[in-house]
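Beneath this line is the structure, given in structure tokens, with notes to follow.
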Amino acid sequence: MADKPNQAMEEKKGDIKNKGKQDHAKKIETDKKNKVRKTSAKQSKKTEGQTKKPDKTSETVAAEKIAEFQNKYIRLSADFDNYRKRTLKEKVDLIKSANAEILLNLLPVMDDFDRALKSMEDTKGCKEIKDGIDLIYNKFGEFLKSSGVKEIDAMHKKFDTDIHEAITKISAPEKKLKGKVLDVIQKGYYLNEKIIRYPKVVIGD
């Protein structure tokens, strides 16, 4: 009978010891779990910090994209404005020079009128004819002027290769006429400030 209390005591001690081991194991397991939680929390904070940075970067990228689109819009707007102005200028120039070929073909008629009037200056008895030709000549000249045609004033002007076409050179009657136009063989004309026919001239040498 005495052995039973001892056996009970031993069993009780064993239970206490096992319980202690279990408690110790639970504590270790709890510590591990707490450590894992802390590590997860740190990683979570680190991840949050990393996700915040891309937010700032994405805002910067968006701002840069907006600025890029604005610059493209400004450039396209400027290009279109230049294109519109250039097209308008070309249209105006085209309108101004649309009749250039026709007007150029009419200039020999003016030359004929000039020759006819000069030949009549010394002729007697044809005043009425000269007046009639002079009237037609003046009306024709007014028509050319209204169309933008203007005679190039070349007589006694300094010779300019950009304006005059030299036919020949002759001795200048005066020193001050050297290098200047002494005679106009064929008149030259502008069409809206653009030369459509160069005057053929004689230069003083």
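Residue numbering restarts at 1 in every chain; chains get A, B, ... in the order shown in the structure tokens, and ligands count up from 1 in that same order.
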- Task: Write out as a VMD selection string each polymer residue whose atoms come within 12 Å of range 121-137 of chain A, counting only C-alpha atoms; drop sequence neighbours fewer than 4 positions from it.
- Result: chain A and resid 107 109 to 117 141 to 144
Non-local contacts of Ile167 in chain A (8 Å; only C-alpha atoms; under 2 positions in same chain excluded) as a PDB file with N, CA and C atoms, in the first residue's frame:
ATOM      1  N   GLU A 165      20.034  95.395-118.263  1.00  0.00           N
ATOM      2  CA  GLU A 165      20.686  94.465-119.176  1.00  0.00           C
ATOM      3  C   GLU A 165      21.465  95.295-120.196  1.00  0.00           C
ATOM      4  N   LYS A 169      28.508  99.424-124.863  1.00  0.00           N
ATOM      5  CA  LYS A 169      29.090 100.598-124.206  1.00  0.00           C
ATOM      6  C   LYS A 169      29.525 101.599-125.266  1.00  0.00           C
ATOM      7  N   LYS A 200      16.848  97.030-121.631  1.00  0.00           N
ATOM      8  CA  LYS A 200      18.072  96.886-122.412  1.00  0.00           C
ATOM      9  C   LYS A 200      18.660  98.280-122.631  1.00  0.00           C
ATOM     10  N   VAL A 201      19.884  98.461-122.150  1.00  0.00           N
ATOM     11  CA  VAL A 201      20.434  99.819-122.080  1.00  0.00           C
ATOM     12  C   VAL A 201      21.822  99.896-122.699  1.00  0.00           C
ATOM     13  N   VAL A 202      22.215 101.165-122.972  1.00  0.00           N
ATOM     14  CA  VAL A 202      23.570 101.482-123.448  1.00  0.00           C
ATOM     15  C   VAL A 202      24.286 102.196-122.304  1.00  0.00           C
ATOM     16  N   ILE A 203      25.521 101.766-122.002  1.00  0.00           N
ATOM     17  CA  ILE A 203      26.255 102.275-120.852  1.00  0.00           C
ATOM     18  C   ILE A 203      27.353 103.241-121.332  1.00  0.00           C
TER      19      ILE A 203
END
- Message: Which residues are close to range 181-193 of chain A, i.e. within 8 Å by only C-alpha atoms, leaving aside same-chain residues fewer than 4 positions away? Reply as a list in words.
- Response: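 Listed by chain and then number, they are Lys96, Ser97, Ala100, Asp111, Gly148, Val149, Lys150, Glu151, Ile152, Ala154, Met155, His156, Lys157, Lys158, Phe159, Ala172, Leu177, Arg197, Tyr198, Pro199, Lys200, Val201, Val202, Ile203 and Gly204 of chain A.
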Just C-alpha atoms for this one: save the residues we selected as a compact mmCIF listing (two decimals), in the first residue's frame.
# COMPACT_ATOMS: atom_id res chain seq x y z
CA LYS A 96 -0.55 89.13 -108.04
CA SER A 97 1.42 87.20 -110.67
CA ALA A 100 2.12 88.02 -115.53
CA ASP A 111 6.98 99.36 -127.48
CA GLY A 148 0.49 96.41 -111.17
CA VAL A 149 2.83 97.04 -114.13
CA LYS A 150 5.30 99.88 -113.65
CA GLU A 151 8.03 101.14 -115.96
CA ILE A 152 11.62 100.92 -114.68
CA ALA A 154 16.63 103.64 -116.18
CA MET A 155 17.72 106.74 -118.15
CA HIS A 156 20.87 108.36 -116.69
CA LYS A 157 20.75 105.96 -113.70
CA LYS A 158 23.87 104.20 -112.47
CA PHE A 159 24.25 100.85 -114.19
CA ALA A 172 30.27 109.07 -122.35
CA LEU A 177 27.78 110.00 -117.20
CA ARG A 197 11.29 92.46 -118.17
CA TYR A 198 14.75 93.95 -117.79
CA PRO A 199 15.52 97.21 -119.61
CA LYS A 200 18.07 96.89 -122.41
CA VAL A 201 20.43 99.82 -122.08
CA VAL A 202 23.57 101.48 -123.45
CA ILE A 203 26.25 102.28 -120.85
CA GLY A 204 28.61 105.26 -120.85
- If you run DSSP on this backbone, which residues of range 136-165 of chain A come out as alpha helix (DSSP H), and could you give them as a list in words? Ile136, Tyr137, Asn138, Lys139, Phe140, Gly141, Glu142, Phe143, Leu144, Lys145 and Ser146 of chain A
